[in-house]
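J.: Sharing structure.csv (CSV, C-alpha atoms and all ligand atoms) below.
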```
chain,number,residue,atom,x,y,z
E,1,MET,CA,53.7,-43.3,30.2
E,2,PRO,CA,50.2,-42.7,28.7
E,3,VAL,CA,47.8,-45.5,29.1
E,4,LEU,CA,45.6,-46.8,26.2
E,5,HIS,CA,42.6,-48.8,27.1
E,6,TRP,CA,42.7,-51.3,24.3
E,7,SER,CA,41.5,-54.6,22.7
E,8,PRO,CA,43.1,-56.6,19.8
E,9,ARG,CA,39.7,-56.9,18.0
E,10,SER,CA,38.4,-53.4,18.2
E,11,PRO,CA,38.5,-51.5,14.8
E,12,TYR,CA,38.4,-48.1,16.6
E,13,VAL,CA,41.4,-49.1,18.7
E,14,ARG,CA,43.2,-50.3,15.6
E,15,LYS,CA,42.8,-46.8,14.1
E,16,VAL,CA,44.8,-45.5,17.1
E,17,MET,CA,47.3,-48.3,17.0
E,18,VAL,CA,48.0,-47.8,13.2
E,19,ALA,CA,48.4,-44.0,14.0
E,20,LEU,CA,50.8,-44.7,16.8
E,21,HIS,CA,52.9,-46.9,14.5
E,22,GLU,CA,52.8,-44.4,11.7
E,23,LYS,CA,54.0,-41.6,14.0
E,24,GLY,CA,56.8,-43.6,15.7
E,25,MET,CA,55.0,-43.8,19.0
E,26,ALA,CA,54.0,-47.4,19.4
E,27,ASP,CA,56.4,-47.9,22.3
E,28,GLN,CA,55.4,-44.6,24.0
E,29,VAL,CA,52.0,-45.9,25.3
E,30,THR,CA,51.2,-48.6,27.8
E,31,ARG,CA,48.3,-50.8,26.5
E,32,VAL,CA,45.8,-52.1,29.0
E,33,ARG,CA,43.3,-54.7,28.0
E,34,THR,CA,39.9,-53.2,28.9
E,35,PRO,CA,37.0,-55.7,28.3
E,36,VAL,CA,34.1,-53.4,27.4
E,37,ASP,CA,30.7,-54.8,26.5
E,38,PRO,CA,27.8,-52.8,25.0
E,39,MET,CA,25.4,-55.0,26.9
E,40,ALA,CA,27.1,-54.7,30.2
E,41,PRO,CA,29.0,-51.4,30.8
E,42,LEU,CA,32.1,-51.8,32.7
E,43,VAL,CA,31.2,-50.2,36.0
E,44,GLY,CA,34.7,-49.7,37.3
E,45,PHE,CA,35.7,-48.0,34.1
E,46,LEU,CA,32.8,-45.4,34.1
E,47,PRO,CA,34.7,-42.9,36.2
E,48,THR,CA,37.4,-42.8,33.5
E,49,ASN,CA,35.1,-42.9,30.5
E,50,PRO,CA,31.4,-42.6,31.3
E,51,LEU,CA,30.6,-44.2,27.9
E,52,SER,CA,32.5,-47.3,28.8
E,53,LYS,CA,34.1,-47.4,25.4
E,54,ILE,CA,37.6,-48.0,24.0
E,55,PRO,CA,39.9,-46.6,22.8
E,56,THR,CA,40.3,-44.3,25.8
E,57,LEU,CA,43.7,-42.7,26.5
E,58,GLU,CA,44.9,-41.4,29.8
E,59,THR,CA,47.8,-38.9,29.2
E,60,ASP,CA,50.7,-38.2,31.5
E,61,GLU,CA,49.1,-34.8,32.3
E,62,GLY,CA,46.1,-36.6,33.7
E,63,GLN,CA,43.8,-35.9,30.7
E,64,VAL,CA,41.4,-38.5,29.6
E,65,LEU,CA,40.8,-38.6,25.8
E,66,PHE,CA,38.2,-40.4,23.7
E,67,ASP,CA,37.1,-41.3,21.0
E,68,SER,CA,39.4,-42.6,18.2
E,69,HIS,CA,39.3,-39.3,16.3
E,70,VAL,CA,40.4,-37.3,19.3
E,71,ILE,CA,43.1,-39.8,20.2
E,72,CYS,CA,44.4,-39.8,16.6
E,73,ARG,CA,44.6,-36.0,16.8
E,74,TRP,CA,46.7,-36.3,20.0
E,75,VAL,CA,49.0,-38.9,18.2
E,76,ASP,CA,49.4,-36.6,15.3
E,77,ARG,CA,50.3,-33.7,17.6
E,78,ASN,CA,52.8,-35.7,19.7
E,79,GLY,CA,54.3,-38.0,17.1
E,80,ARG,CA,57.9,-37.9,15.9
E,81,GLY,CA,58.0,-37.9,12.1
E,82,GLY,CA,55.7,-39.9,9.9
E,83,PRO,CA,52.9,-38.6,7.7
E,84,VAL,CA,50.8,-35.6,8.8
E,85,LEU,CA,47.6,-37.4,9.6
E,86,PHE,CA,45.4,-34.2,9.8
E,87,PRO,CA,46.5,-31.9,7.0
E,88,GLY,CA,43.5,-29.8,7.8
E,89,ASP,CA,41.6,-29.4,4.5
E,90,LEU,CA,38.5,-31.1,5.9
E,91,ILE,CA,38.6,-33.8,3.2
E,92,ASP,CA,41.0,-35.7,5.5
E,93,GLU,CA,38.4,-35.7,8.3
E,94,ARG,CA,35.5,-36.3,5.9
E,95,ASN,CA,37.3,-39.4,4.7
E,96,GLU,CA,38.0,-40.4,8.3
E,97,ALA,CA,34.3,-40.1,9.0
E,98,LEU,CA,33.5,-42.3,6.1
E,99,GLY,CA,35.8,-45.0,7.3
E,100,THR,CA,34.6,-44.7,10.9
E,101,GLY,CA,31.0,-44.6,9.6
E,102,LEU,CA,31.6,-47.9,7.9
E,103,ILE,CA,32.8,-49.4,11.2
E,104,ASP,CA,29.7,-47.9,12.8
E,105,VAL,CA,27.6,-49.9,10.4
E,106,ALA,CA,29.6,-53.1,10.8
E,107,LEU,CA,29.8,-53.2,14.6
E,108,PRO,CA,26.0,-53.2,15.4
E,109,TRP,CA,25.5,-55.6,12.5
E,110,LEU,CA,27.9,-58.0,14.2
E,111,VAL,CA,26.2,-57.6,17.5
E,112,GLU,CA,22.8,-58.2,15.9
E,113,THR,CA,23.7,-61.3,14.0
E,114,ARG,CA,26.1,-62.9,16.5
E,115,LEU,CA,25.2,-61.8,20.0
E,116,ARG,CA,21.5,-61.1,20.1
E,117,PRO,CA,19.1,-64.0,20.7
E,118,GLU,CA,17.9,-65.3,17.3
E,119,ALA,CA,14.3,-64.6,18.0
E,120,LEU,CA,15.0,-60.9,18.6
E,121,ARG,CA,17.1,-60.3,15.5
E,122,SER,CA,15.9,-57.8,12.8
E,123,GLN,CA,16.4,-58.7,9.2
E,124,ALA,CA,15.3,-55.2,8.2
E,125,LEU,CA,18.2,-53.7,10.2
E,126,VAL,CA,20.7,-56.1,8.6
E,127,GLU,CA,19.4,-55.2,5.1
E,128,GLY,CA,19.7,-51.5,6.0
E,129,TRP,CA,23.3,-52.0,7.1
E,130,ARG,CA,24.2,-54.0,4.0
E,131,THR,CA,22.7,-51.3,1.8
E,132,LYS,CA,24.9,-48.7,3.5
E,133,MET,CA,28.0,-50.8,3.4
E,134,ASN,CA,27.7,-51.4,-0.3
E,135,ALA,CA,26.9,-47.7,-0.9
E,136,VAL,CA,30.1,-46.7,0.9
E,137,LEU,CA,32.2,-49.2,-1.0
E,138,ASP,CA,30.8,-48.1,-4.4
E,139,TRP,CA,31.3,-44.5,-3.5
E,140,LEU,CA,34.9,-45.3,-2.6
E,141,GLU,CA,35.5,-47.3,-5.8
E,142,ALA,CA,34.2,-44.4,-7.9
E,143,ARG,CA,36.5,-41.9,-6.1
E,144,MET,CA,39.7,-44.0,-5.9
E,145,PRO,CA,41.6,-41.6,-8.1
E,146,ASP,CA,40.9,-38.7,-5.7
E,147,LEU,CA,41.9,-40.8,-2.7
E,148,GLN,CA,45.1,-41.9,-4.3
E,149,ALA,CA,46.0,-38.4,-5.4
E,150,ARG,CA,46.3,-37.4,-1.7
E,151,SER,CA,49.2,-38.0,0.6
E,152,PHE,CA,48.5,-40.7,3.2
E,153,ASP,CA,46.4,-39.1,6.0
E,154,ILE,CA,43.8,-40.0,8.6
E,155,GLY,CA,41.2,-40.6,5.8
E,156,HIS,CA,43.3,-43.4,4.2
E,157,LEU,CA,44.0,-44.8,7.7
E,158,SER,CA,40.4,-44.9,8.7
E,159,ILE,CA,39.1,-46.3,5.4
E,160,GLY,CA,41.9,-48.9,5.3
E,161,VAL,CA,41.2,-50.1,8.9
E,162,ALA,CA,37.4,-50.3,8.1
E,163,LEU,CA,38.2,-52.6,5.1
E,164,CYS,CA,40.5,-54.7,7.3
E,165,TYR,CA,37.6,-55.1,9.7
E,166,LEU,CA,35.2,-56.2,6.9
E,167,ASP,CA,37.9,-58.9,6.0
E,168,PHE,CA,38.1,-59.9,9.6
E,169,ARG,CA,34.3,-60.2,10.4
E,170,PHE,CA,32.4,-60.1,7.1
E,171,GLY,CA,34.4,-62.2,4.7
E,172,ALA,CA,31.1,-63.7,3.4
E,173,GLU,CA,30.0,-60.3,2.1
E,174,GLU,CA,32.9,-60.4,-0.4
E,175,TRP,CA,33.4,-56.6,-0.5
E,176,CYS,CA,36.3,-56.9,-3.0
E,177,LYS,CA,34.0,-58.4,-5.7
E,178,GLY,CA,33.4,-55.9,-8.5
E,179,ARG,CA,35.6,-53.2,-6.9
E,180,PRO,CA,39.0,-53.7,-8.4
E,181,LEU,CA,40.4,-50.2,-7.7
E,182,LEU,CA,39.5,-50.3,-4.0
E,183,SER,CA,40.7,-53.9,-3.6
E,184,ALA,CA,44.1,-53.0,-5.2
E,185,TRP,CA,44.4,-49.9,-3.0
E,186,HIS,CA,43.6,-51.9,0.1
E,187,ALA,CA,46.1,-54.6,-0.8
E,188,GLY,CA,48.8,-51.9,-0.8
E,189,PHE,CA,47.5,-50.4,2.5
E,190,SER,CA,47.7,-53.8,4.1
E,191,GLU,CA,51.4,-54.0,3.4
E,192,ARG,CA,52.2,-50.9,5.4
E,193,PRO,CA,54.3,-51.9,8.5
E,194,SER,CA,51.8,-50.1,10.8
E,195,VAL,CA,49.0,-52.2,9.5
E,196,ARG,CA,51.0,-55.5,9.5
E,197,ALA,CA,52.0,-54.8,13.1
E,198,THR,CA,48.4,-54.4,14.4
E,199,ALA,CA,46.5,-57.3,12.9
E,200,PHE,CA,43.1,-58.1,14.5
E,201,GLN,CA,43.1,-61.0,16.9
E,202,ASP,CA,40.3,-62.9,18.5
E,203,GLU,CA,41.1,-63.9,22.1
E,204,THR,CA,40.6,-67.5,23.2
E,301,LIG,N1,33.1,-43.4,18.2
E,301,LIG,C1,34.0,-44.2,19.1
E,301,LIG,C2,33.4,-45.7,19.1
E,301,LIG,C3,34.2,-46.5,20.1
E,301,LIG,C4,33.5,-47.9,20.3
E,301,LIG,O1,32.2,-48.0,20.1
E,301,LIG,N2,34.2,-48.9,20.7
E,301,LIG,C5,33.7,-50.2,21.0
E,301,LIG,C6,34.7,-51.2,21.0
E,301,LIG,S1,35.0,-51.7,19.3
E,301,LIG,C7,33.2,-50.1,22.5
E,301,LIG,O2,33.9,-49.6,23.3
E,301,LIG,N3,32.1,-50.7,22.8
E,301,LIG,C8,31.6,-50.8,24.1
E,301,LIG,C9,30.2,-50.2,24.3
E,301,LIG,O3,29.6,-49.8,23.3
E,301,LIG,O4,29.7,-50.2,25.4
E,301,LIG,C10,35.4,-44.2,18.6
E,301,LIG,O5,35.6,-43.8,17.4
E,301,LIG,O6,36.3,-44.4,19.4
```
For the file at hand, write its structure as structure tokens.

T.:
Amino acid sequence: MPVLHWSPRSPYVRKVMVALHEKGMADQVTRVRTPVDPMAPLVGFLPTNPLSKIPTLETDEGQVLFDSHVICRWVDRNGRGGPVLFPGDLIDERNEALGTGLIDVALPWLVETRLRPEALRSQALVEGWRTKMNAVLDWLEARMPDLQARSFDIGHLSIGVALCYLDFRFGAEEWCKGRPLLSAWHAGFSERPSVRATAFQDET
């Protein structure tokens, strides 16, 4: 069975997990908890993924696939039923990039404000990330009719997971405030069985 290097609190991994559920493949993959750390690359994992990042997938054919975009493509190709995640008009992947880009903003922000020693933290960086986060959210609020006119694809999945991650780690930023269309859309997204089955969890 394919092996997915995994964590219950990684938003990139959750993209893959939601995709697996959407495509009826959640039980077709063995999950292995792989404790990566940007400040201490996992030496034993480097021969598998020299970037020491998750998600990473080892297929039955001996291929190693990363990152979340590539693995979601593999899921879409190998899934049984479910929505076509990559319809191929580029807007699907543009929207995926926007969702993943929001995660790319949130993750270093989290590292900066929670893991770096206080004396080394940069307020300017945090303000930059906050500006980008709000710009993405406003951009989405303005384009909700376009997003909703499309069938569910990798763009919806990626944006939805990114918003779940903001709820999980950045509740104080109150991203819903003043964005009624995006909030309502995300409430519907959160009810999908694939999303409910893959909730973020902090380990104790
Ligand atoms: N672009 C990658 C990003 C993956 C990523 O950064 N994952 C984090 C976990 S949330 C990680 O592995 N961090 C460890 C590190 O940066 O060394 C993707 O979409 O899969």

J.: Within 10 Å of (51.6, -43.3, 23.8), in the coordinates the file gives, what residues turn up when you count all atoms listed in the file, written out as a compact mmCIF listing (two decimals) with C-alpha atoms, in the coordinates of the input?

T.:
```txt
# COMPACT_ATOMS: atom_id res chain seq x y z
CA MET E 1 53.70 -43.30 30.20
CA PRO E 2 50.20 -42.70 28.70
CA VAL E 3 47.80 -45.50 29.10
CA LEU E 4 45.60 -46.80 26.20
CA VAL E 16 44.80 -45.50 17.10
CA MET E 17 47.30 -48.30 17.00
CA LEU E 20 50.80 -44.70 16.80
CA GLY E 24 56.80 -43.60 15.70
CA MET E 25 55.00 -43.80 19.00
CA ALA E 26 54.00 -47.40 19.40
CA ASP E 27 56.40 -47.90 22.30
CA GLN E 28 55.40 -44.60 24.00
CA VAL E 29 52.00 -45.90 25.30
CA THR E 30 51.20 -48.60 27.80
CA ARG E 31 48.30 -50.80 26.50
CA LEU E 57 43.70 -42.70 26.50
CA GLU E 58 44.90 -41.40 29.80
CA THR E 59 47.80 -38.90 29.20
CA ASP E 60 50.70 -38.20 31.50
CA ILE E 71 43.10 -39.80 20.20
CA TRP E 74 46.70 -36.30 20.00
CA VAL E 75 49.00 -38.90 18.20
CA ASN E 78 52.80 -35.70 19.70
CA GLY E 79 54.30 -38.00 17.10
```

J.: Just give me the gap between CA of His186 (chain E) and CA of Gly81 (chain E) in Å, one decimal is fine.

T.: 23.4 Å

J.: If we count all atoms listed in the file, what is near region 115-129 of chain E at a cut-off of 8 Å, once residues fewer than 5 positions away on the same chain are taken out, given as a ChimeraX atom specification?

T.: /E:105-106,109-110

J.: Please identify all protein, DNA and RNA residues within 6 Å of ligand LIG 301 (chain E), counting all atoms listed in the file, and report them as JSON, numbers by chain.

T.: {"E": [10, 11, 12, 36, 37, 38, 41, 52, 53, 54, 55, 67, 68, 69]}

J.: Quick one: residues within 7 Å of Arg33 (chain E), all atoms listed in the file counted, chain neighbours fewer than 6 positions away excluded, as a PDB file with C-alpha atoms, in the coordinates of the input?

T.:
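Final output, saved to out_39.pdb:
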```
ATOM      1  CA  HIS E   5      42.600 -48.800  27.100  1.00  0.00           C
ATOM      2  CA  TRP E   6      42.700 -51.300  24.300  1.00  0.00           C
ATOM      3  CA  SER E   7      41.500 -54.600  22.700  1.00  0.00           C
TER       4      SER E   7
END
```

J.: Determine, for each residue of region 65-119 of chain E having at least one atom at most 6 Å from an atom of region 148-162 of chain E, the closest pair of atoms and their separation in Å to one decimal, counting only C-alpha atoms; order by chain and ascending number, as a Markdown table.

T.:
```
| residue | atom | partner | partner_atom | distance |
| --- | --- | --- | --- | --- |
| E:Leu85 | CA | E:Asp153 | CA | 4.2 |
| E:Asp92 | CA | E:Gly155 | CA | 4.9 |
| E:Asn95 | CA | E:Gly155 | CA | 4.2 |
| E:Glu96 | CA | E:Gly155 | CA | 4.1 |
| E:Gly99 | CA | E:Ile159 | CA | 4.0 |
| E:Ile103 | CA | E:Ala162 | CA | 5.6 |
```

J.: Give me, please, the distance in Å between CA of Ala197 (chain E) and CA of Leu51 (chain E), quoted to one decimal.

T.: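 That distance, rounded to one decimal, is 28.1 Å.
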
J.: Using only C-alpha atoms, find the one residue out of E:Phe170, E:Cys72, E:Met133, E:Pro145 that sits nearest to Leu98 (chain E).

T.: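 Of E:Phe170, E:Cys72, E:Met133, E:Pro145, the one nearest Leu98 (chain E), counting only C-alpha atoms, is E:Met133.
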
J.: Point out the residue among E:Ala19, E:Leu182, E:Ala199, E:Val70 with the least atom-to-atom distance to Leu140 (chain E), counting all atoms listed in the file.

T.: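 Closest to Leu140 (chain E), using all atoms listed in the file: E:Leu182.
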